[in-house]
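Since the structure comes first, as structure tokens, the remarks are kept for the end.
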Amino acid sequence: YESRGYGSTGEFLLDPPPDRPGCVVLDLRLPGPSGLELQAALKAHGIALPVIFLTAHADVASTVRALKAGAVDFLTKPVEREELFEAVRRALEHDARARGSRDEVERLRARCAALTPREREVLERIAEGKLNRQIAHELGIAERTVKLYRAQAMEKLGVGTAAELLVAEHELLEHALDRVEASELLVLLGQVERAHRPGHVDPHHDRDAFTADPR
């Protein structure tokens, strides 16, 4: 592993590591603000690196606080070399999964941004279980036009991967998407995806429709 040391919380925040795979190994006691305060500052500054605590000053309250704030491990000194390396390995795996989820969120953002207002209106009504003819009546357009918007929107969203998008639920719920709240979009994608599984018949729808960096 490639490592980089910092003398204090302030030093870290003034010169944070680049945005690349890694993790942060923290002590509870640091010069100036504590390790717990740095953990909170990382989140406030949008630094999503997983945190491992390694300390000789652990107590129940600080351990619980660190883990509730998202620490992936809490080790007490002295620690065996292999135990520390194993914790780093788990943290890097956690980071890789989180980065994959964030990338999926960004791809979803791009797909949602590509939807026209009319395509969004059609999809919202599909998710409500409305028939093509009902949607056409509500929007004042022809039923064949509803089908066209429906096909275009589904292609843009890539609803065939909706099940995989659900894995990123916690990221989606934290970040509102353009013109649609993430929770609403999750419901929309899930319902549209289910409605278009092979063999699925839905009576509500038309049938014709210190950082460690792996090196």
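The way I read the labels, and the way they are meant: chains A, B, ... in the order of the structure tokens, residue 1 as the first residue of every chain, and ligand 1 as the first ligand shown, with later ones counted on from there.
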Interface rows for region 58-130 of chain A against region 21-39 of chain A: nearest pair, Å to one decimal, 10 Å, only C-alpha atoms, as a Markdown table:
| residue | atom | partner | partner_atom | distance |
| --- | --- | --- | --- | --- |
| A:Ala58 | CA | A:Leu28 | CA | 7.6 |
| A:Ser62 | CA | A:Leu36 | CA | 7.9 |
| A:Thr63 | CA | A:Leu28 | CA | 9.5 |
| A:Arg65 | CA | A:Leu36 | CA | 7.9 |
| A:Ala66 | CA | A:Leu36 | CA | 6.5 |
| A:Ala69 | CA | A:Gln39 | CA | 7.7 |
| A:Gly70 | CA | A:Gln39 | CA | 8.8 |
| A:Ala71 | CA | A:Gln39 | CA | 8.3 |
| A:Val72 | CA | A:Cys23 | CA | 9.7 |
| A:Asp73 | CA | A:Val25 | CA | 9.5 |
| A:Phe74 | CA | A:Leu26 | CA | 9.4 |
| A:Leu75 | CA | A:Asp27 | CA | 9.5 |
| A:Thr76 | CA | A:Asp27 | CA | 9.5 |
| A:Lys77 | CA | A:Asp27 | CA | 9.9 |
| A:Leu84 | CA | A:Val25 | CA | 9.7 |
| A:Ala87 | CA | A:Val25 | CA | 9.8 |
| A:Val88 | CA | A:Cys23 | CA | 7.2 |
| A:Arg89 | CA | A:Cys23 | CA | 9.4 |
| A:Arg90 | CA | A:Cys23 | CA | 9.7 |
| A:Ala91 | CA | A:Cys23 | CA | 6.2 |
| A:Leu92 | CA | A:Gly22 | CA | 5.8 |
| A:Glu93 | CA | A:Gly22 | CA | 9.3 |
| A:His94 | CA | A:Cys23 | CA | 9.2 |
| A:Asp95 | CA | A:Pro21 | CA | 6.5 |
| A:Ala96 | CA | A:Pro21 | CA | 6.9 |
| A:Arg99 | CA | A:Pro21 | CA | 8.2 |
Export N, CA and C atoms of the chosen residues as a compact mmCIF listing (two decimals), in the first residue's frame?
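Generated file (out_16.txt):
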# COMPACT_ATOMS: atom_id res chain seq x y z
N ALA A 58 -9.59 3.89 23.70
CA ALA A 58 -10.98 3.57 23.38
C ALA A 58 -11.84 3.47 24.63
N SER A 62 -17.03 6.39 22.78
CA SER A 62 -16.34 6.81 21.57
C SER A 62 -16.43 5.73 20.49
N THR A 63 -16.38 4.47 20.90
CA THR A 63 -16.49 3.38 19.93
C THR A 63 -17.85 3.40 19.26
N ARG A 65 -19.92 5.93 19.04
CA ARG A 65 -20.04 7.15 18.23
C ARG A 65 -19.34 6.99 16.89
N ALA A 66 -18.14 6.42 16.89
CA ALA A 66 -17.39 6.24 15.66
C ALA A 66 -18.11 5.30 14.70
N ALA A 69 -21.20 6.75 13.19
CA ALA A 69 -20.85 7.75 12.17
C ALA A 69 -20.30 7.11 10.90
N GLY A 70 -20.20 5.78 10.89
CA GLY A 70 -19.82 5.10 9.66
C GLY A 70 -18.44 4.49 9.60
N ALA A 71 -17.69 4.50 10.73
CA ALA A 71 -16.38 3.87 10.72
C ALA A 71 -16.52 2.40 10.33
N VAL A 72 -15.62 1.92 9.48
CA VAL A 72 -15.73 0.53 9.03
C VAL A 72 -15.03 -0.43 9.98
N ASP A 73 -14.17 0.10 10.87
CA ASP A 73 -13.49 -0.75 11.85
C ASP A 73 -13.02 0.11 13.01
N PHE A 74 -12.89 -0.52 14.18
CA PHE A 74 -12.39 0.18 15.37
C PHE A 74 -11.43 -0.77 16.07
N LEU A 75 -10.13 -0.48 15.99
CA LEU A 75 -9.08 -1.34 16.54
C LEU A 75 -8.42 -0.65 17.73
N THR A 76 -7.99 -1.46 18.67
CA THR A 76 -7.29 -0.92 19.84
C THR A 76 -5.81 -1.32 19.80
N LYS A 77 -4.97 -0.38 20.21
CA LYS A 77 -3.52 -0.65 20.28
C LYS A 77 -3.21 -1.42 21.57
N LEU A 84 -4.32 -5.31 11.34
CA LEU A 84 -4.43 -3.98 10.75
C LEU A 84 -4.55 -4.07 9.23
N ALA A 87 -7.98 -5.11 8.24
CA ALA A 87 -8.93 -4.00 8.35
C ALA A 87 -8.80 -3.06 7.16
N VAL A 88 -7.58 -2.78 6.74
CA VAL A 88 -7.36 -1.92 5.57
C VAL A 88 -7.94 -2.58 4.33
N ARG A 89 -7.73 -3.88 4.20
CA ARG A 89 -8.28 -4.59 3.04
C ARG A 89 -9.80 -4.47 3.00
N ARG A 90 -10.45 -4.67 4.14
CA ARG A 90 -11.92 -4.55 4.19
C ARG A 90 -12.35 -3.13 3.85
N ALA A 91 -11.61 -2.14 4.36
CA ALA A 91 -11.95 -0.75 4.08
C ALA A 91 -11.83 -0.44 2.59
N LEU A 92 -10.80 -0.97 1.94
CA LEU A 92 -10.62 -0.73 0.51
C LEU A 92 -11.72 -1.42 -0.30
N GLU A 93 -12.15 -2.57 0.14
CA GLU A 93 -13.28 -3.24 -0.52
C GLU A 93 -14.55 -2.41 -0.36
N HIS A 94 -14.75 -1.89 0.85
CA HIS A 94 -15.89 -1.01 1.11
C HIS A 94 -15.84 0.21 0.20
N ASP A 95 -14.66 0.80 0.06
CA ASP A 95 -14.50 1.98 -0.78
C ASP A 95 -14.81 1.66 -2.24
N ALA A 96 -14.35 0.51 -2.70
CA ALA A 96 -14.61 0.12 -4.09
C ALA A 96 -16.10 -0.02 -4.35
N ARG A 99 -17.71 3.49 -4.37
CA ARG A 99 -17.41 4.22 -5.61
C ARG A 99 -18.25 3.69 -6.76
Next on the checklist: Which residues are close to region 114-126 of chain A, i.e. within 7 Å by only C-alpha atoms, leaving aside same-chain residues fewer than 5 positions away? Reply as a PyMOL selection string.
Outcome noted: chain A and resi 135+146+149-150+153+156+188
Residue list (strand (DSSP E or B), DSSP) for region 23-147 of chain A, as a compact mmCIF listing (two decimals) with C-alpha atoms, in the first residue's frame:
# COMPACT_ATOMS: atom_id res chain seq x y z
CA CYS A 23 -9.10 4.75 3.36
CA VAL A 24 -8.24 6.85 6.43
CA VAL A 25 -6.69 5.41 9.59
CA LEU A 26 -7.45 7.67 12.57
CA VAL A 51 -12.46 5.38 8.20
CA ILE A 52 -10.63 2.94 10.46
CA PHE A 53 -9.98 3.95 14.07
CA LEU A 54 -6.76 2.72 15.68
CA THR A 55 -6.34 3.95 19.24
CA ASP A 73 -13.49 -0.75 11.85
CA PHE A 74 -12.39 0.18 15.37
CA LEU A 75 -9.08 -1.34 16.54
CA THR A 76 -7.29 -0.92 19.84
Item to check | Filtered DSSP result for region 62-146 of chain A, state helix (DSSP H, G or I), as a ChimeraX atom specification | outcome: /A:62-68,81-114,117-127,132-139,143-146
Checklist outcome for this item: Computed gap from CA of Glu86 (chain A) to CA of Arg20 (chain A) is 19.8 Å
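The spacing separating CA of Glu155 (chain A) from CA of Glu104 (chain A) amounts to 16.6 Å.
Distance check against Leu42 (chain A) using only C-alpha atoms: of A:Leu14, A:Ala136, A:Ala98, A:Val105, the minimum falls on A:Leu14.
Between CA of Gln134 (chain A) and CA of Ala110 (chain A) the separation is 29.0 Å.
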